[in-house]
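Enquirer: As input, take start03.txt (compact mmCIF, C-alpha atoms):
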# COMPACT_ATOMS: atom_id res chain seq x y z
CA MET A 298 87.61 105.53 62.26
CA ASP A 299 84.12 106.96 62.75
CA SER A 300 84.06 105.93 66.41
CA LEU A 301 87.55 107.25 67.22
CA PRO A 302 86.51 110.84 68.14
CA GLY A 303 84.03 109.46 70.68
CA LYS A 304 86.72 107.18 72.07
CA CYS A 305 88.95 110.26 72.47
CA ILE A 306 86.29 111.92 74.65
CA GLU A 307 86.00 108.74 76.75
CA ALA A 308 89.79 108.61 77.05
CA SER A 309 89.90 112.24 78.21
CA LYS A 310 87.71 111.36 81.19
CA ARG A 311 89.56 108.11 81.91
CA ILE A 312 93.12 109.45 81.96
CA ARG A 313 92.40 112.86 83.51
CA PRO A 314 93.61 111.87 87.02
CA HIS A 315 97.02 110.85 85.70
CA VAL A 316 98.05 113.23 82.90
CA ARG A 317 98.40 116.98 82.50
CA HIS A 318 96.30 119.33 80.41
CA THR A 319 99.47 120.79 78.94
CA PRO A 320 99.86 124.51 78.22
CA MET A 321 99.43 125.96 74.74
CA ASP A 322 101.27 129.25 74.47
CA TYR A 323 101.18 131.94 71.81
CA SER A 324 104.63 131.98 70.20
CA TYR A 325 105.63 135.57 69.53
CA TRP A 326 108.78 134.26 67.88
CA LEU A 327 107.06 131.98 65.34
CA SER A 328 104.18 134.41 64.83
CA SER A 329 106.55 137.26 64.00
CA LEU A 330 108.26 135.32 61.22
CA ASN A 331 105.36 135.61 58.78
CA SER A 332 102.50 137.56 60.41
CA ASN A 333 100.71 134.36 61.42
CA HIS A 334 99.16 133.46 64.79
CA VAL A 335 101.17 130.49 66.02
CA TYR A 336 100.71 128.53 69.23
CA ILE A 337 102.92 125.78 70.62
CA LYS A 338 101.19 122.91 72.42
CA TRP A 339 103.75 121.88 75.02
CA GLU A 340 103.28 118.11 75.25
CA SER A 341 107.00 118.17 75.96
CA GLU A 342 105.88 119.11 79.49
CA GLN A 343 103.69 116.02 79.84
CA ILE A 344 104.58 113.42 82.49
CA SER A 345 107.31 111.04 81.26
CA GLY A 346 108.47 113.90 79.01
CA SER A 347 106.30 113.12 76.00
CA ALA A 348 102.81 112.93 74.51
CA LYS A 349 103.04 109.14 74.64
CA ALA A 350 101.84 109.15 78.26
CA ARG A 351 98.25 109.69 77.13
CA GLY A 352 98.05 106.59 74.96
CA ALA A 353 99.92 104.51 77.52
CA PHE A 354 97.55 105.38 80.36
CA ASN A 355 94.42 104.97 78.27
CA LYS A 356 95.42 101.53 77.03
CA LEU A 357 96.59 100.20 80.38
CA MET A 358 93.60 101.62 82.27
CA ALA A 359 91.24 100.10 79.69
CA ILE A 360 92.94 96.73 80.15
CA LYS A 361 92.58 97.01 83.94
CA GLU A 362 88.88 97.82 83.57
CA ARG A 363 88.42 94.60 81.60
CA ASN A 364 90.83 92.55 83.71
CA PRO A 365 91.46 93.99 87.20
CA GLU A 366 93.82 91.10 87.99
CA ILE A 367 96.36 91.96 85.27
CA LYS A 368 99.90 91.59 86.65
CA GLU A 369 102.22 92.14 83.69
CA ALA A 370 102.46 93.75 80.24
CA ILE A 371 105.16 94.12 77.60
CA VAL A 372 106.17 96.99 75.31
CA ALA A 373 108.67 97.57 72.50
CA SER A 374 110.07 101.06 72.06
CA THR A 375 113.03 103.27 71.15
CA GLY A 376 112.33 105.33 74.24
CA ASN A 377 109.29 107.58 74.67
CA HIS A 378 106.56 104.94 74.38
CA GLY A 379 108.57 102.64 76.62
CA ALA A 380 109.13 105.34 79.23
CA ALA A 381 105.47 106.38 79.17
CA CYS A 382 104.26 102.80 79.55
CA SER A 383 106.86 102.12 82.24
CA LEU A 384 105.61 105.07 84.31
CA ALA A 385 101.95 104.20 83.72
CA MET A 386 102.52 100.58 84.71
CA LYS A 387 104.29 101.65 87.89
CA ILE A 388 101.42 103.95 88.87
CA LEU A 389 98.78 101.35 87.98
CA GLY A 390 100.57 98.50 89.77
CA ILE A 391 101.50 96.44 86.70
CA ASN A 392 104.88 94.76 86.24
CA GLY A 393 106.42 96.06 83.03
CA LYS A 394 108.89 94.64 80.55
CA VAL A 395 110.21 96.86 77.74
CA TYR A 396 112.13 95.57 74.72
CA VAL A 397 114.39 98.20 73.18
CA PRO A 398 116.47 97.85 69.99
CA THR A 399 120.23 98.26 69.96
CA MET A 400 119.83 101.81 68.56
CA VAL A 401 118.24 103.10 71.79
CA GLU A 402 120.00 106.02 73.47
CA LYS A 403 121.57 105.17 76.81
CA PHE A 404 119.68 107.85 78.76
CA LYS A 405 116.31 106.62 77.43
CA TYR A 406 117.19 103.05 78.36
CA GLU A 407 118.01 104.25 81.87
CA MET A 408 114.83 106.37 82.04
CA ILE A 409 112.67 103.32 81.31
CA GLN A 410 114.35 101.47 84.17
CA GLN A 411 114.04 104.44 86.53
CA TYR A 412 110.27 104.37 86.06
CA GLY A 413 110.24 100.78 87.26
CA SER A 414 110.10 98.46 84.25
CA THR A 415 112.68 95.90 83.19
CA ALA A 416 114.39 97.11 80.00
CA GLU A 417 115.98 94.52 77.71
CA ILE A 418 117.91 95.12 74.49
CA GLN A 419 116.20 92.92 71.91
CA GLY A 420 116.57 93.30 68.15
CA GLU A 421 118.62 95.42 65.78
CA GLY A 422 115.77 97.81 64.96
CA CYS A 423 112.25 98.84 65.95
CA ALA A 424 110.49 96.23 63.81
CA GLU A 425 112.52 93.35 65.23
CA ALA A 426 112.05 94.53 68.83
CA GLU A 427 108.28 94.77 68.26
CA SER A 428 108.17 91.30 66.69
CA LEU A 429 110.04 89.79 69.64
CA ALA A 430 107.82 91.59 72.14
CA ARG A 431 104.68 90.30 70.40
CA ALA A 432 106.10 86.78 70.48
CA TYR A 433 106.78 87.08 74.23
CA SER A 434 103.26 88.43 74.73
CA GLU A 435 101.69 85.46 72.95
CA ALA A 436 103.93 82.88 74.62
CA ASN A 437 103.17 84.22 78.09
CA SER A 438 99.55 85.34 77.57
CA ILE A 439 100.19 88.93 78.63
CA PRO A 440 99.15 92.15 76.86
CA TYR A 441 101.45 93.76 74.30
CA ILE A 442 101.10 97.56 74.19
CA SER A 443 101.65 98.81 70.64
CA PRO A 444 102.91 102.39 70.19
CA SER A 445 100.39 103.07 67.42
CA ASN A 446 98.54 100.00 66.13
CA ASP A 447 95.85 100.04 68.82
CA TRP A 448 92.54 101.91 69.11
CA ASP A 449 92.90 102.63 72.84
CA VAL A 450 96.37 104.09 72.30
CA LEU A 451 95.12 106.27 69.44
CA ALA A 452 92.19 107.48 71.53
CA GLY A 453 94.55 108.46 74.33
CA GLN A 454 96.77 110.40 71.94
CA GLY A 455 93.66 112.01 70.48
CA VAL A 456 92.97 113.72 73.80
CA ILE A 457 95.61 116.22 72.69
CA GLY A 458 93.17 117.18 69.94
CA CYS A 459 90.40 117.65 72.50
CA GLU A 460 92.61 120.08 74.43
CA ILE A 461 93.71 121.96 71.31
CA PHE A 462 90.11 122.55 70.24
CA GLU A 463 89.05 123.45 73.79
CA ASP A 464 91.82 126.04 74.07
CA LEU A 465 91.63 127.35 70.48
CA PRO A 466 88.31 126.59 68.70
CA SER A 467 89.40 128.81 65.79
CA VAL A 468 92.42 126.62 64.96
CA ASP A 469 93.15 126.51 61.21
CA ALA A 470 96.11 124.11 61.05
CA VAL A 471 97.99 121.68 63.30
CA PHE A 472 101.56 120.51 62.66
CA ILE A 473 102.30 117.04 64.06
CA SER A 474 105.46 114.93 63.86
CA VAL A 475 104.89 111.45 62.45
CA GLY A 476 106.56 108.09 63.01
CA GLY A 477 104.14 105.19 63.26
CA GLY A 478 101.29 107.67 63.06
CA GLY A 479 99.59 107.18 66.42
CA ILE A 480 99.57 110.82 67.48
CA VAL A 481 98.62 112.31 64.10
CA ALA A 482 95.88 109.70 63.64
CA GLY A 483 94.32 110.32 67.05
CA VAL A 484 94.64 114.09 67.03
CA GLY A 485 93.68 114.38 63.37
CA ALA A 486 90.57 112.22 63.74
CA TYR A 487 89.27 114.27 66.66
CA ILE A 488 90.07 117.68 65.18
CA LYS A 489 88.48 116.77 61.84
CA SER A 490 85.31 115.65 63.66
CA VAL A 491 84.80 119.06 65.29
CA LYS A 492 86.42 121.33 62.67
CA PRO A 493 86.59 119.57 59.28
CA ASP A 494 88.29 122.48 57.52
CA CYS A 495 91.26 122.50 59.92
CA LYS A 496 94.40 121.33 58.10
CA ILE A 497 96.39 118.48 59.63
CA ILE A 498 100.03 118.61 58.56
CA GLY A 499 102.17 115.49 58.93
CA CYS A 500 105.86 116.22 59.55
CA GLU A 501 108.70 113.78 58.84
CA THR A 502 112.47 113.84 58.68
CA ILE A 503 114.16 113.06 55.39
CA GLN A 504 116.01 110.33 57.29
CA SER A 505 112.82 108.36 58.03
CA PRO A 506 109.83 109.32 55.83
CA ALA A 507 108.04 105.99 56.21
CA MET A 508 104.43 107.14 56.46
CA SER A 509 104.52 109.78 53.71
CA GLU A 510 106.25 107.36 51.33
CA SER A 511 103.64 104.74 52.16
CA GLN A 512 100.87 107.23 51.47
CA LYS A 513 102.43 108.07 48.11
CA ALA A 514 102.62 104.39 47.21
CA GLY A 515 99.10 103.65 48.39
CA TYR A 516 100.29 100.83 50.64
CA ILE A 517 102.76 100.37 53.48
CA VAL A 518 106.33 100.30 52.17
CA GLU A 519 109.69 99.80 53.82
CA VAL A 520 112.12 102.71 53.63
CA PRO A 521 115.75 102.84 54.78
CA ASN A 522 115.99 104.37 58.24
CA LYS A 523 119.04 106.52 58.84
CA PRO A 524 120.27 108.12 62.07
CA THR A 525 118.21 111.17 63.01
CA LEU A 526 117.83 113.76 65.75
CA SER A 527 114.14 112.87 65.61
CA ASP A 528 114.68 109.41 67.06
CA GLY A 529 111.16 109.48 68.49
CA THR A 530 109.77 109.21 64.95
CA ALA A 531 112.40 106.80 63.61
CA GLY A 532 111.37 103.42 62.25
CA GLY A 533 108.92 102.03 59.75
CA VAL A 534 105.16 101.61 59.65
CA GLU A 535 104.01 98.21 60.85
CA LYS A 536 102.26 96.07 58.23
CA GLY A 537 98.52 96.28 58.80
CA ASN A 538 98.85 99.34 61.04
CA ILE A 539 95.45 100.98 61.51
CA THR A 540 97.10 104.40 61.34
CA PHE A 541 97.80 104.07 57.60
CA ASP A 542 94.16 104.37 56.54
CA ILE A 543 93.44 107.04 59.15
CA CYS A 544 96.35 109.16 57.92
CA LYS A 545 94.99 108.79 54.39
CA GLU A 546 91.75 110.41 55.59
CA VAL A 547 92.95 113.08 58.03
CA VAL A 548 96.40 114.29 56.90
CA ASP A 549 96.07 117.13 54.38
CA ASP A 550 99.74 117.68 53.61
CA TRP A 551 103.19 116.27 54.33
CA VAL A 552 106.34 118.28 55.05
CA ILE A 553 109.79 116.67 54.97
CA VAL A 554 112.65 118.43 56.78
CA THR A 555 116.40 117.99 57.12
CA GLU A 556 118.49 117.26 60.18
CA GLU A 557 119.93 120.78 60.08
CA GLU A 558 116.44 122.27 60.10
CA ILE A 559 115.51 120.16 63.13
CA ALA A 560 118.66 121.14 65.02
CA LYS A 561 118.10 124.84 64.29
CA ALA A 562 114.52 124.57 65.54
CA ILE A 563 115.68 122.99 68.81
CA TYR A 564 118.20 125.79 69.27
CA ASN A 565 115.64 128.50 68.49
CA VAL A 566 113.17 127.08 71.01
CA MET A 567 115.91 127.33 73.64
CA GLU A 568 116.73 130.88 72.58
CA HIS A 569 113.18 132.24 72.24
CA HIS A 570 111.12 130.12 74.65
CA HIS A 571 113.84 129.02 77.11
CA LYS A 572 112.68 125.39 76.89
CA ILE A 573 114.35 122.11 75.96
CA VAL A 574 112.63 120.00 73.32
CA GLU A 575 113.67 116.76 71.65
CA GLY A 576 114.26 116.16 67.96
CA SER A 577 110.74 114.98 67.19
CA ALA A 578 109.37 118.24 68.63
CA GLY A 579 111.93 120.26 66.69
CA LEU A 580 110.74 118.39 63.60
CA ALA A 581 107.22 119.87 63.73
CA ILE A 582 108.55 123.36 64.45
CA ALA A 583 110.99 123.09 61.54
CA ALA A 584 108.18 121.91 59.26
CA TYR A 585 106.08 124.95 60.16
CA ILE A 586 108.99 127.34 59.51
CA LYS A 587 109.61 125.67 56.14
CA THR A 588 106.02 126.16 54.97
CA MET A 589 104.82 129.16 56.99
CA SER A 590 104.08 131.26 53.88
CA LYS A 591 101.05 129.01 53.25
CA TYR A 592 99.42 130.03 56.53
CA LYS A 593 99.58 133.82 56.53
CA GLY A 594 97.04 135.22 58.98
CA LYS A 595 95.95 131.74 60.11
CA ASN A 596 95.73 130.28 63.61
CA VAL A 597 98.35 127.55 63.65
CA VAL A 598 99.20 125.04 66.39
CA VAL A 599 102.55 123.26 66.43
CA LEU A 600 102.71 120.18 68.62
CA SER A 601 105.89 119.97 70.70
CA CYS A 602 105.60 116.26 71.40
CA GLY A 603 108.52 115.58 73.74
CA SER A 604 111.53 116.80 75.70
CA ASN A 605 113.57 113.61 76.06
CA ILE A 606 116.92 114.55 74.58
CA SER A 607 120.39 113.89 75.95
CA VAL A 608 122.58 116.60 77.44
CA ASN A 609 125.32 115.70 74.95
CA ARG A 610 123.01 116.34 72.00
CA ILE A 611 121.98 119.69 73.46
CA LYS A 612 125.66 120.59 73.93
CA ASP A 613 126.38 119.74 70.29
CA ILE A 614 123.48 121.88 69.07
CA ILE A 615 124.53 124.85 71.20
CA ASN A 616 128.14 124.53 70.07
CA THR A 617 127.03 124.45 66.43
CA TYR A 618 124.42 127.22 66.40
CA GLY A 619 125.20 129.27 69.49
Hey, can you dump this file as structure tokens for me?
Expert:
Amino acid sequence: MDSLPGKCIEASKRIRPHVRHTPMDYSYWLSSLNSNHVYIKWESEQISGSAKARGAFNKLMAIKERNPEIKEAIVASTGNHGAACSLAMKILGINGKVYVPTMVEKFKYEMIQQYGSTAEIQGEGCAEAESLARAYSEANSIPYISPSNDWDVLAGQGVIGCEIFEDLPSVDAVFISVGGGGIVAGVGAYIKSVKPDCKIIGCETIQSPAMSESQKAGYIVEVPNKPTLSDGTAGGVEKGNITFDICKEVVDDWVIVTEEEIAKAIYNVMEHHHKIVEGSAGLAIAAYIKTMSKYKGKNVVVLSCGSNISVNRIKDIINTYG
């Protein structure tokens, strides 16, 4: 992990032509709830609609640097990683294939195809889709782009940490939604390297607390995955995933939230910030609200990691809480 912060700086330079330095706005709404100073980092306004674009571009550009003749790559994803890689591959001139599990939302399946890759439904869940994609990669000698178990991907995600520290050097805590752990590992590693006393807070839904349960156990465990609004963080932690040990070092606390808390957070972002965010972004916001009394007077950043949510889900949330 010691070299990861340096890799984040390299990634920042590499991917700069293709990704946005996303805004980080002071949230008067969240700040007013408990006299804290809260900022939202709007990765939900990143290209492809999620933070995953950074890791996708860094990995694929690194591959092209090593092998300029690369023609094809394969990905497995429930949506955001697949969409980000699909867009990056289109821009970089690489033919993309994306395996998605049966649980994928229709609009995310279509989004992957709109960006130019071939999307195929393969496997009942995330783990099976990833296993099948790896097998295809090996059989056809083409790169497999992992959503989290890859140093180049983590370095790309860690560029978010570079931007947070650049925009707010006095940051005291960062709330980050966690699935496989790629974003929290990259961001956490960089932030801890420049401000060791900054707290990194991992946020999970009660429906899929794979990483926090694994950290409790001291090894990667399988947990039942139930339907969740935070589908971007759904799924287990891959055996041997490099993010497990990094999370052990950089995550200071874990917050588990309910589906209702996520839905309310999504609604409140619409009401107070007039923006649409997906469930995995609502997850981090809900986690902050749940624990905000711990951070009175502190400078807190909440990472809004994506905006890819269906119109029907937004309608349901408005009808319930509006």
Enquirer: Counting only C-alpha atoms, which residues of region 442-487 of chain A fall within 12 Å of region 394-409 of chain A, and what is the closest atom pair for each with its distance in Å at one decimal, ordered by chain and rising number, as CSV?
Expert:
residue,atom,partner,partner_atom,distance
A:Ile442,CA,A:Val395,CA,9.8
A:Ser443,CA,A:Val395,CA,11.3
A:Pro444,CA,A:Val395,CA,11.9
Enquirer: Write out as JSON, numbers by chain which residues come within 6 Å of region 344-350 of chain A when counting only C-alpha atoms, dropping same-chain ones fewer than 3 positions away.
Expert: {"A": [340, 341, 353, 378, 381, 602, 603, 604, 605]}
Enquirer: Only C-alpha atoms, please: the residues just picked out, written as a PDB file, in the coordinates of the input.
Expert:
ATOM      1  CA  GLU A 340     103.280 118.110  75.250  1.00  0.00           C
ATOM      2  CA  SER A 341     107.000 118.170  75.960  1.00  0.00           C
ATOM      3  CA  ALA A 353      99.920 104.510  77.520  1.00  0.00           C
ATOM      4  CA  HIS A 378     106.560 104.940  74.380  1.00  0.00           C
ATOM      5  CA  ALA A 381     105.470 106.380  79.170  1.00  0.00           C
ATOM      6  CA  CYS A 602     105.600 116.260  71.400  1.00  0.00           C
ATOM      7  CA  GLY A 603     108.520 115.580  73.740  1.00  0.00           C
ATOM      8  CA  SER A 604     111.530 116.800  75.700  1.00  0.00           C
ATOM      9  CA  ASN A 605     113.570 113.610  76.060  1.00  0.00           C
TER      10      ASN A 605
END
Enquirer: Restricting the calculation to all atoms listed in the file: of A:Gly478, A:Gly453, A:Gly420, A:Gly576, which residue gets closest to Gly529 (chain A)?
Expert: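 Counting all atoms listed in the file, the residue closest to Gly529 (chain A) is A:Gly576.
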Enquirer: Taking only C-alpha atoms into account, produce a table as JSON lines in which each residue of region 466-502 of chain A with an atom at most 12 Å from an atom of region 556-567 of chain A appears once, together with its shortest atom pair and the distance in Å to one decimal, ordered by chain and rising number.
Expert:
{"residue": "A:Ser474", "atom": "CA", "partner": "A:Ile559", "partner_atom": "CA", "distance": 11.4}
{"residue": "A:Cys500", "atom": "CA", "partner": "A:Ile559", "partner_atom": "CA", "distance": 11.0}
{"residue": "A:Glu501", "atom": "CA", "partner": "A:Ile559", "partner_atom": "CA", "distance": 10.3}
{"residue": "A:Thr502", "atom": "CA", "partner": "A:Glu556", "partner_atom": "CA", "distance": 7.1}
Enquirer: Emit the selected residues as a CSV table (one decimal), keeping the file's coordinate frame, including C-alpha atoms.
Expert:
chain,number,residue,atom,x,y,z
A,474,SER,CA,105.5,114.9,63.9
A,500,CYS,CA,105.9,116.2,59.6
A,501,GLU,CA,108.7,113.8,58.8
A,502,THR,CA,112.5,113.8,58.7
Enquirer: Find the distance between CA of Cys423 (chain A) and CA of Lys536 (chain A) and write it in Å to one decimal.
Expert: 12.9 Å
Enquirer: Measuring atom to atom with all atoms listed in the file, identify which of A:Ile615, A:Glu435, A:His570, A:Glu510 is nearest to Tyr325 (chain A).
Expert: A:His570
Enquirer: Fewer than 4 positions away in the same chain doesn't count, so skip those; otherwise give me all residues within 9 Å of Asp322 (chain A), counting all atoms listed in the file, as a PDB file with C-alpha atoms, keeping the file's coordinate frame.
Expert:
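This went into result29.pdb:
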ATOM      1  CA  VAL A 335     101.170 130.490  66.020  1.00  0.00           C
ATOM      2  CA  TYR A 336     100.710 128.530  69.230  1.00  0.00           C
ATOM      3  CA  ILE A 337     102.920 125.780  70.620  1.00  0.00           C
ATOM      4  CA  LYS A 338     101.190 122.910  72.420  1.00  0.00           C
ATOM      5  CA  TRP A 339     103.750 121.880  75.020  1.00  0.00           C
TER       6      TRP A 339
END
Enquirer: May I ask for the distance between CA of Asp542 (chain A) and CA of Ala486 (chain A), given in Å to one decimal place?
Expert: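 Rounded to one decimal, the two atoms are 11.2 Å apart.
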Enquirer: With only C-alpha atoms as the basis for distance, which of A:Glu568, A:Asp464, A:Glu519, A:Glu307 is at the shortest distance from Tyr618 (chain A)?
Expert: A:Glu568
Enquirer: For a quick check of understanding, using only C-alpha atoms, which of A:Ile360, A:Val554, A:Ala507, A:Leu465 has the smallest distance to Tyr441 (chain A)?
Expert: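 Looking at the shortest contact to Tyr441 (chain A), the residue is A:Ile360.
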Enquirer: Neighbours of Ile517 (chain A) within 9 Å (all atoms listed in the file; same-chain residues fewer than 3 positions away dropped), as a list in words?
Expert: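 What passes the distance filter is Ala507, Met508, Glu510, Ser511, Gln512, Ala514, Gly533, Val534, Glu535, Lys536, Gly537, Asn538 and Phe541 of chain A.
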Enquirer: Can you write just those residues out, C-alpha atoms, as a CSV table (one decimal), in the frame of the given file?
Expert:
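Listing of part-v8.csv after writing:
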chain,number,residue,atom,x,y,z
A,507,ALA,CA,108.0,106.0,56.2
A,508,MET,CA,104.4,107.1,56.5
A,510,GLU,CA,106.2,107.4,51.3
A,511,SER,CA,103.6,104.7,52.2
A,512,GLN,CA,100.9,107.2,51.5
A,514,ALA,CA,102.6,104.4,47.2
A,533,GLY,CA,108.9,102.0,59.8
A,534,VAL,CA,105.2,101.6,59.6
A,535,GLU,CA,104.0,98.2,60.8
A,536,LYS,CA,102.3,96.1,58.2
A,537,GLY,CA,98.5,96.3,58.8
A,538,ASN,CA,98.8,99.3,61.0
A,541,PHE,CA,97.8,104.1,57.6
Enquirer: Find the distance between CA of Phe472 (chain A) and CA of Lys356 (chain A) and write it in Å to one decimal.
Expert: 24.6 Å
Enquirer: Would you list the residues near (88.7, 107.5, 82.2) (no more than 12 Å away, in the coordinates of the file, using all atoms listed in the file) as a ChimeraX atom specification?
Expert: /A:304-316,351-352,354-362,449,452-453,456
Enquirer: Give me the residues near Ile391 (chain A) as a list in words, where near means some atom within 12 Å (using only C-alpha atoms) and where sequence neighbours in that chain fewer than 6 positions away do not count.
Expert: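 Skipping anything fewer than 6 positions along the chain leaves Phe354, Leu357, Met358, Ile360, Lys361, Asn364, Pro365, Glu366, Ile367, Lys368, Glu369, Ala370, Ile371, Cys382, Ser383, Leu384, Ala385, Tyr412, Gly413, Ser414, Thr415, Ile439 and Pro440 of chain A.
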Enquirer: Measuring between all atoms listed in the file, which one of A:Gln504, A:Gln419, A:Asn437, A:Thr525 shows the shortest distance to Ala373 (chain A)?
Expert: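 Nearest to Ala373 (chain A): A:Gln419.
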Enquirer: Hey, what's within 10 Å of Ser509 (chain A) if we count only C-alpha atoms and toss same-chain stuff fewer than 6 positions away? As an MDAnalysis selection string, please?
Expert: chainID A and resid 475:476 499:501 515 517:518 541 544:545 548 550:553
Enquirer: My list of candidates is A:Gly458, A:Gly303, A:Gly579, A:Gly479. Which is closest to Ser527 (chain A) when distances are computed with all atoms listed in the file?
Expert: A:Gly579
Enquirer: Please complete region 457-474 of chain A so it has N, CA and C atoms, and hand it over as a PDB file, keeping the file's coordinate frame.
Expert:
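out-v8.pdb, freshly written:
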ATOM      1  N   ILE A 457      94.891 114.982  73.023  1.00  0.00           N
ATOM      2  CA  ILE A 457      95.610 116.220  72.690  1.00  0.00           C
ATOM      3  C   ILE A 457      94.743 117.090  71.786  1.00  0.00           C
ATOM      4  N   GLY A 458      94.073 116.451  70.828  1.00  0.00           N
ATOM      5  CA  GLY A 458      93.170 117.180  69.940  1.00  0.00           C
ATOM      6  C   GLY A 458      92.014 117.809  70.681  1.00  0.00           C
ATOM      7  N   CYS A 459      91.483 117.093  71.666  1.00  0.00           N
ATOM      8  CA  CYS A 459      90.400 117.650  72.500  1.00  0.00           C
ATOM      9  C   CYS A 459      90.866 118.934  73.175  1.00  0.00           C
ATOM     10  N   GLU A 460      92.085 118.912  73.715  1.00  0.00           N
ATOM     11  CA  GLU A 460      92.610 120.080  74.430  1.00  0.00           C
ATOM     12  C   GLU A 460      92.897 121.237  73.471  1.00  0.00           C
ATOM     13  N   ILE A 461      93.438 120.912  72.292  1.00  0.00           N
ATOM     14  CA  ILE A 461      93.710 121.960  71.310  1.00  0.00           C
ATOM     15  C   ILE A 461      92.425 122.687  70.940  1.00  0.00           C
ATOM     16  N   PHE A 462      91.374 121.927  70.642  1.00  0.00           N
ATOM     17  CA  PHE A 462      90.110 122.550  70.240  1.00  0.00           C
ATOM     18  C   PHE A 462      89.460 123.295  71.399  1.00  0.00           C
ATOM     19  N   GLU A 463      89.591 122.762  72.607  1.00  0.00           N
ATOM     20  CA  GLU A 463      89.050 123.450  73.790  1.00  0.00           C
ATOM     21  C   GLU A 463      89.725 124.791  73.996  1.00  0.00           C
ATOM     22  N   ASP A 464      91.054 124.817  73.816  1.00  0.00           N
ATOM     23  CA  ASP A 464      91.820 126.040  74.070  1.00  0.00           C
ATOM     24  C   ASP A 464      91.802 127.010  72.897  1.00  0.00           C
ATOM     25  N   LEU A 465      91.605 126.492  71.672  1.00  0.00           N
ATOM     26  CA  LEU A 465      91.630 127.350  70.480  1.00  0.00           C
ATOM     27  C   LEU A 465      90.624 126.828  69.443  1.00  0.00           C
ATOM     28  N   PRO A 466      89.329 127.091  69.643  1.00  0.00           N
ATOM     29  CA  PRO A 466      88.310 126.590  68.700  1.00  0.00           C
ATOM     30  C   PRO A 466      88.494 127.097  67.276  1.00  0.00           C
ATOM     31  N   SER A 467      89.201 128.219  67.116  1.00  0.00           N
ATOM     32  CA  SER A 467      89.400 128.810  65.790  1.00  0.00           C
ATOM     33  C   SER A 467      90.649 128.281  65.088  1.00  0.00           C
ATOM     34  N   VAL A 468      91.199 127.166  65.550  1.00  0.00           N
ATOM     35  CA  VAL A 468      92.420 126.620  64.960  1.00  0.00           C
ATOM     36  C   VAL A 468      92.217 126.319  63.473  1.00  0.00           C
ATOM     37  N   ASP A 469      93.216 126.717  62.665  1.00  0.00           N
ATOM     38  CA  ASP A 469      93.150 126.510  61.210  1.00  0.00           C
ATOM     39  C   ASP A 469      94.074 125.399  60.723  1.00  0.00           C
ATOM     40  N   ALA A 470      95.150 125.134  61.472  1.00  0.00           N
ATOM     41  CA  ALA A 470      96.110 124.110  61.050  1.00  0.00           C
ATOM     42  C   ALA A 470      96.871 123.588  62.256  1.00  0.00           C
ATOM     43  N   VAL A 471      97.201 122.296  62.225  1.00  0.00           N
ATOM     44  CA  VAL A 471      97.990 121.680  63.300  1.00  0.00           C
ATOM     45  C   VAL A 471      99.137 120.909  62.670  1.00  0.00           C
ATOM     46  N   PHE A 472     100.354 121.201  63.127  1.00  0.00           N
ATOM     47  CA  PHE A 472     101.560 120.510  62.660  1.00  0.00           C
ATOM     48  C   PHE A 472     101.933 119.425  63.664  1.00  0.00           C
ATOM     49  N   ILE A 473     102.067 118.182  63.175  1.00  0.00           N
ATOM     50  CA  ILE A 473     102.300 117.040  64.060  1.00  0.00           C
ATOM     51  C   ILE A 473     103.401 116.149  63.482  1.00  0.00           C
ATOM     52  N   SER A 474     104.401 115.835  64.286  1.00  0.00           N
ATOM     53  CA  SER A 474     105.460 114.930  63.860  1.00  0.00           C
ATOM     54  C   SER A 474     104.918 113.508  63.740  1.00  0.00           C
TER      55      SER A 474
END
